[in-house]
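Participant: Below is a structure I'd like to ask you about.
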Amino acid sequence: MYSKTALKIYALKKRGVIKSRSGFWKAYSDKNAVAKTDIDTAEAERELNEKNYSLICAFDDDFPVIGNEVKSADKPYLLAYKGDISLIKSRAKNVAVVGTLYSDRDIASRERKIVELLSENGINIVSGLAKGCDTVAHEVCVKGNGKTVAILPSTLDNIYPKENVGLSEKIIKSGGLVLTEYIDEPKNKYEAVGRFIERDRLQAMFSDSVILISSYRQSEGDSGSRHAMNKAVEYGIKRFVMYNDDADSDNPLFGLNKDLVGKGEKSLTGKSIKEIIGSQF
């Protein structure tokens with residue numbers, strides 16, 4: 001499923017006419033600018049008809065509402081997806097859950113309780129389909145019949161990580177959403193790495209709040225969660241950090257959490273969870 005405008009943008013992107021997000025917004029400020037562009041879409045349409053996914057572009061009615069605080073270099077304009085795209089039309093009921101690629105038994109148990117409570121109260125959980133904390137978040141929603149959104153750093157044809165291909169299918173079947181900005185494979189390893197960072201911004205952009213479960217400090221391990229939290233600051237998105245100083249202070253898996261709480265970010269408590277749930281309705 002796709003509109004004529006989305007198809008045309010897809011063809012322009014495939015042909016290399018559109019090279020960047022900022023370039024898109026400079027050249028195509030509205031739907032009419034796209035319509036006036038002369039490009040044959042037949043090949044793009046044949047390709048899309050062979051694929052089992054849909055497209056939505058920035059000028060379609062159901063495209064997510066992007067706040068004015070998001071600069072053009074960050075604003076998405078074309079998304080490929082499978083599932084229920086209405087889950088991101090408004091961010092009001094969405095909460096992003098981010099964290100390290102490694103989740104030990106205690107962290108996973110604490111995360112499950114948080115996600116279960118949010119999901120049971122009608123909150124859609126947004127995450128990145130990565131190993132560790134992302135996987136826990138998505139699985140809790142699928143098992144509890146909640147709604148979850150997985151934002152990929154890869155194409156829909158080559159889901160990463162491979163271990164979560166089955167999970168992505170379960171998300172779709174359960175009424176959730178799997179989406180990506182990417183319709184082509186990266187040209188090199190640098191572009192591939194950059195896509196993980198770019199993915200992190202969308203988790204914040206499509207959510208009303210961001211919860212950090214656990215993460216190493218930047219210099220001590222994976223730090224993708226840091227990018228999501230930084231973008232949440234930039235976009236004015238509410239932020240919460242799972243952290244108990246008595247239990248977590250010396251655990252390197254909470255290094256970023258400790259630093260953020262020390263800088264004034266809110267610790268996730270029973271009261272703040274009620275705040276998150278209450279603010280959605």
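If you're wondering about the labels, chains in the structure tokens are A, B, ... by order shown, residues count from 1 in each chain, ligands from 1 in order shown.
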Excluding same-chain residues fewer than 4 positions from Lys36 of chain A, what lies within 12 Å of it counting only C-alpha atoms, as a ChimeraX atom specification?
Facilitator: /A:5,8-9,27-32
Participant: Determine, counting only C-alpha atoms, which protein, DNA and RNA residues have an atom within 12 Å of an atom of Val165 of chain A; residues of the same chain fewer than 3 positions away are not included. Present the result as a list of chain:residue names.
Facilitator: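 Contacts, with the query itself left out: A:Leu129, A:Ala130, A:Lys131, A:Thr135, A:Ala150, A:Leu152, A:Ser154, A:Thr155, A:Leu156, A:Asp157, A:Asn158, A:Ile159, A:Tyr160, A:Pro161, A:Lys162, A:Ser168, A:Glu169, A:Lys170, A:Ile171, A:Ile172, A:Val178.
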Participant: Can you pull out every residue from segment 12-221 of chain A that DSSP, working from the backbone, puts in helix (DSSP H, G or I), and format the result as a PDB file with C-alpha atoms, in the first residue's frame?
Facilitator:
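What landed in selection04.pdb:
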```pdb
ATOM      1  CA  LEU A  12      13.502   9.524  -6.684  1.00  0.00           C
ATOM      2  CA  LYS A  13      15.357   8.004  -3.754  1.00  0.00           C
ATOM      3  CA  LYS A  14      16.157   4.786  -5.637  1.00  0.00           C
ATOM      4  CA  ARG A  21      16.861  14.346   4.431  1.00  0.00           C
ATOM      5  CA  SER A  22      17.844  18.011   4.397  1.00  0.00           C
ATOM      6  CA  GLY A  23      18.166  17.840   0.599  1.00  0.00           C
ATOM      7  CA  PHE A  24      14.677  16.403   0.336  1.00  0.00           C
ATOM      8  CA  TRP A  25      13.083  19.125   2.453  1.00  0.00           C
ATOM      9  CA  LYS A  26      14.921  21.826   0.524  1.00  0.00           C
ATOM     10  CA  ALA A  27      13.755  20.514  -2.864  1.00  0.00           C
ATOM     11  CA  LYS A  31       3.187  17.590  -2.296  1.00  0.00           C
ATOM     12  CA  ASN A  32       2.955  19.724  -5.433  1.00  0.00           C
ATOM     13  CA  ALA A  33       6.733  19.986  -5.706  1.00  0.00           C
ATOM     14  CA  VAL A  34       6.913  16.184  -5.818  1.00  0.00           C
ATOM     15  CA  ALA A  35       4.082  15.969  -8.363  1.00  0.00           C
ATOM     16  CA  ALA A  42       7.137   2.043 -13.467  1.00  0.00           C
ATOM     17  CA  GLU A  43      10.277   0.219 -12.340  1.00  0.00           C
ATOM     18  CA  ALA A  44       9.823   1.341  -8.747  1.00  0.00           C
ATOM     19  CA  GLU A  45       6.205   0.199  -8.820  1.00  0.00           C
ATOM     20  CA  ARG A  46       7.146  -3.237 -10.158  1.00  0.00           C
ATOM     21  CA  GLU A  47       9.742  -3.578  -7.412  1.00  0.00           C
ATOM     22  CA  LEU A  48       7.311  -2.563  -4.691  1.00  0.00           C
ATOM     23  CA  ASN A  49       4.683  -4.992  -5.958  1.00  0.00           C
ATOM     24  CA  GLU A  50       7.194  -7.800  -5.464  1.00  0.00           C
ATOM     25  CA  ILE A  85       1.115   2.477  10.829  1.00  0.00           C
ATOM     26  CA  SER A  86      -1.525   4.285  12.920  1.00  0.00           C
ATOM     27  CA  LEU A  87       0.540   3.450  16.027  1.00  0.00           C
ATOM     28  CA  ILE A  88       2.920   6.319  15.228  1.00  0.00           C
ATOM     29  CA  ARG A 105      18.399 -11.616  34.751  1.00  0.00           C
ATOM     30  CA  ASP A 106      17.807  -8.856  37.294  1.00  0.00           C
ATOM     31  CA  ILE A 107      17.660  -6.082  34.687  1.00  0.00           C
ATOM     32  CA  ALA A 108      15.328  -8.109  32.466  1.00  0.00           C
ATOM     33  CA  SER A 109      13.029  -8.850  35.423  1.00  0.00           C
ATOM     34  CA  ARG A 110      12.783  -5.190  36.383  1.00  0.00           C
ATOM     35  CA  GLU A 111      12.228  -4.166  32.776  1.00  0.00           C
ATOM     36  CA  ARG A 112       9.461  -6.723  32.279  1.00  0.00           C
ATOM     37  CA  LYS A 113       7.520  -5.353  35.246  1.00  0.00           C
ATOM     38  CA  ILE A 114       7.785  -1.805  33.877  1.00  0.00           C
ATOM     39  CA  VAL A 115       6.772  -2.733  30.328  1.00  0.00           C
ATOM     40  CA  GLU A 116       3.937  -4.979  31.529  1.00  0.00           C
ATOM     41  CA  LEU A 117       2.487  -2.153  33.620  1.00  0.00           C
ATOM     42  CA  LEU A 118       2.718   0.341  30.765  1.00  0.00           C
ATOM     43  CA  SER A 119       1.339  -2.061  28.168  1.00  0.00           C
ATOM     44  CA  GLU A 120      -1.542  -3.173  30.396  1.00  0.00           C
ATOM     45  CA  CYS A 133      16.642  -4.600  26.470  1.00  0.00           C
ATOM     46  CA  ASP A 134      14.890  -4.002  23.127  1.00  0.00           C
ATOM     47  CA  THR A 135      14.079  -7.684  22.761  1.00  0.00           C
ATOM     48  CA  VAL A 136      12.680  -7.871  26.294  1.00  0.00           C
ATOM     49  CA  ALA A 137      10.435  -4.851  25.651  1.00  0.00           C
ATOM     50  CA  HIS A 138       9.001  -6.226  22.411  1.00  0.00           C
ATOM     51  CA  GLU A 139       8.535  -9.744  23.772  1.00  0.00           C
ATOM     52  CA  VAL A 140       6.615  -8.548  26.822  1.00  0.00           C
ATOM     53  CA  CYS A 141       4.172  -6.673  24.580  1.00  0.00           C
ATOM     54  CA  VAL A 142       3.693  -9.587  22.187  1.00  0.00           C
ATOM     55  CA  LYS A 143       3.084 -12.065  25.017  1.00  0.00           C
ATOM     56  CA  LYS A 162      18.845 -12.020  12.216  1.00  0.00           C
ATOM     57  CA  GLU A 163      18.002 -13.593  15.567  1.00  0.00           C
ATOM     58  CA  ASN A 164      14.969 -11.294  15.799  1.00  0.00           C
ATOM     59  CA  VAL A 165      13.412 -11.946  12.391  1.00  0.00           C
ATOM     60  CA  GLY A 166      10.911 -14.253  14.079  1.00  0.00           C
ATOM     61  CA  LEU A 167      10.176 -11.623  16.720  1.00  0.00           C
ATOM     62  CA  SER A 168       9.501  -9.036  14.014  1.00  0.00           C
ATOM     63  CA  GLU A 169       6.936 -11.370  12.462  1.00  0.00           C
ATOM     64  CA  LYS A 170       5.253 -11.872  15.831  1.00  0.00           C
ATOM     65  CA  ILE A 171       5.088  -8.104  16.331  1.00  0.00           C
ATOM     66  CA  ILE A 172       3.276  -7.682  13.022  1.00  0.00           C
ATOM     67  CA  LYS A 173       0.889 -10.589  13.643  1.00  0.00           C
ATOM     68  CA  LYS A 189      30.421  -0.046   7.057  1.00  0.00           C
ATOM     69  CA  TYR A 190      30.452   3.628   8.041  1.00  0.00           C
ATOM     70  CA  GLU A 191      26.988   4.161   6.599  1.00  0.00           C
ATOM     71  CA  ALA A 192      25.822   0.952   8.291  1.00  0.00           C
ATOM     72  CA  VAL A 193      27.027   2.156  11.706  1.00  0.00           C
ATOM     73  CA  GLY A 194      25.472   5.570  11.109  1.00  0.00           C
ATOM     74  CA  ARG A 195      22.087   3.972  10.561  1.00  0.00           C
ATOM     75  CA  PHE A 196      22.032   2.657  14.110  1.00  0.00           C
ATOM     76  CA  ILE A 197      22.521   6.192  15.430  1.00  0.00           C
ATOM     77  CA  GLU A 198      19.890   7.557  13.041  1.00  0.00           C
ATOM     78  CA  ARG A 199      17.454   4.850  14.154  1.00  0.00           C
ATOM     79  CA  ASP A 200      17.887   5.954  17.757  1.00  0.00           C
ATOM     80  CA  ARG A 201      16.571   9.440  17.003  1.00  0.00           C
ATOM     81  CA  LEU A 202      13.290   8.037  15.635  1.00  0.00           C
ATOM     82  CA  GLN A 203      12.626   6.175  18.873  1.00  0.00           C
ATOM     83  CA  ALA A 204      12.599   9.531  20.656  1.00  0.00           C
ATOM     84  CA  MET A 205      10.832  11.400  17.855  1.00  0.00           C
ATOM     85  CA  GLN A 218      30.039   5.757  26.231  1.00  0.00           C
ATOM     86  CA  SER A 219      33.660   4.748  26.829  1.00  0.00           C
ATOM     87  CA  GLU A 220      32.795   1.439  28.486  1.00  0.00           C
TER      88      GLU A 220
END
```
Participant: Report, in Å with one decimal, the straight-line distance from atom CA of Leu256 of chain A to atom CA of Tyr216 of chain A.
Facilitator: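 These atoms are spaced 5.3 Å apart.
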Participant: Could you give me the residues within segment 133-163 of chain A that DSSP places in strand (DSSP E or B), as an mmCIF file with N, CA and C atoms, in the first residue's frame?
Facilitator:
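File written: part18.cif
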```cif
data_model
loop_
_atom_site.group_PDB
_atom_site.id
_atom_site.type_symbol
_atom_site.label_atom_id
_atom_site.label_comp_id
_atom_site.auth_asym_id
_atom_site.auth_seq_id
_atom_site.Cartn_x
_atom_site.Cartn_y
_atom_site.Cartn_z
ATOM 1 N N THR A 148 3.360 -2.895 20.135
ATOM 2 C CA THR A 148 4.754 -2.462 20.155
ATOM 3 C C THR A 148 5.207 -2.070 18.761
ATOM 4 N N VAL A 149 6.119 -1.113 18.704
ATOM 5 C CA VAL A 149 6.668 -0.588 17.451
ATOM 6 C C VAL A 149 8.165 -0.855 17.438
ATOM 7 N N ALA A 150 8.645 -1.529 16.398
ATOM 8 C CA ALA A 150 10.073 -1.804 16.238
ATOM 9 C C ALA A 150 10.626 -0.941 15.110
ATOM 10 N N ILE A 151 11.606 -0.110 15.429
ATOM 11 C CA ILE A 151 12.229 0.769 14.439
ATOM 12 C C ILE A 151 13.592 0.194 14.074
#
```
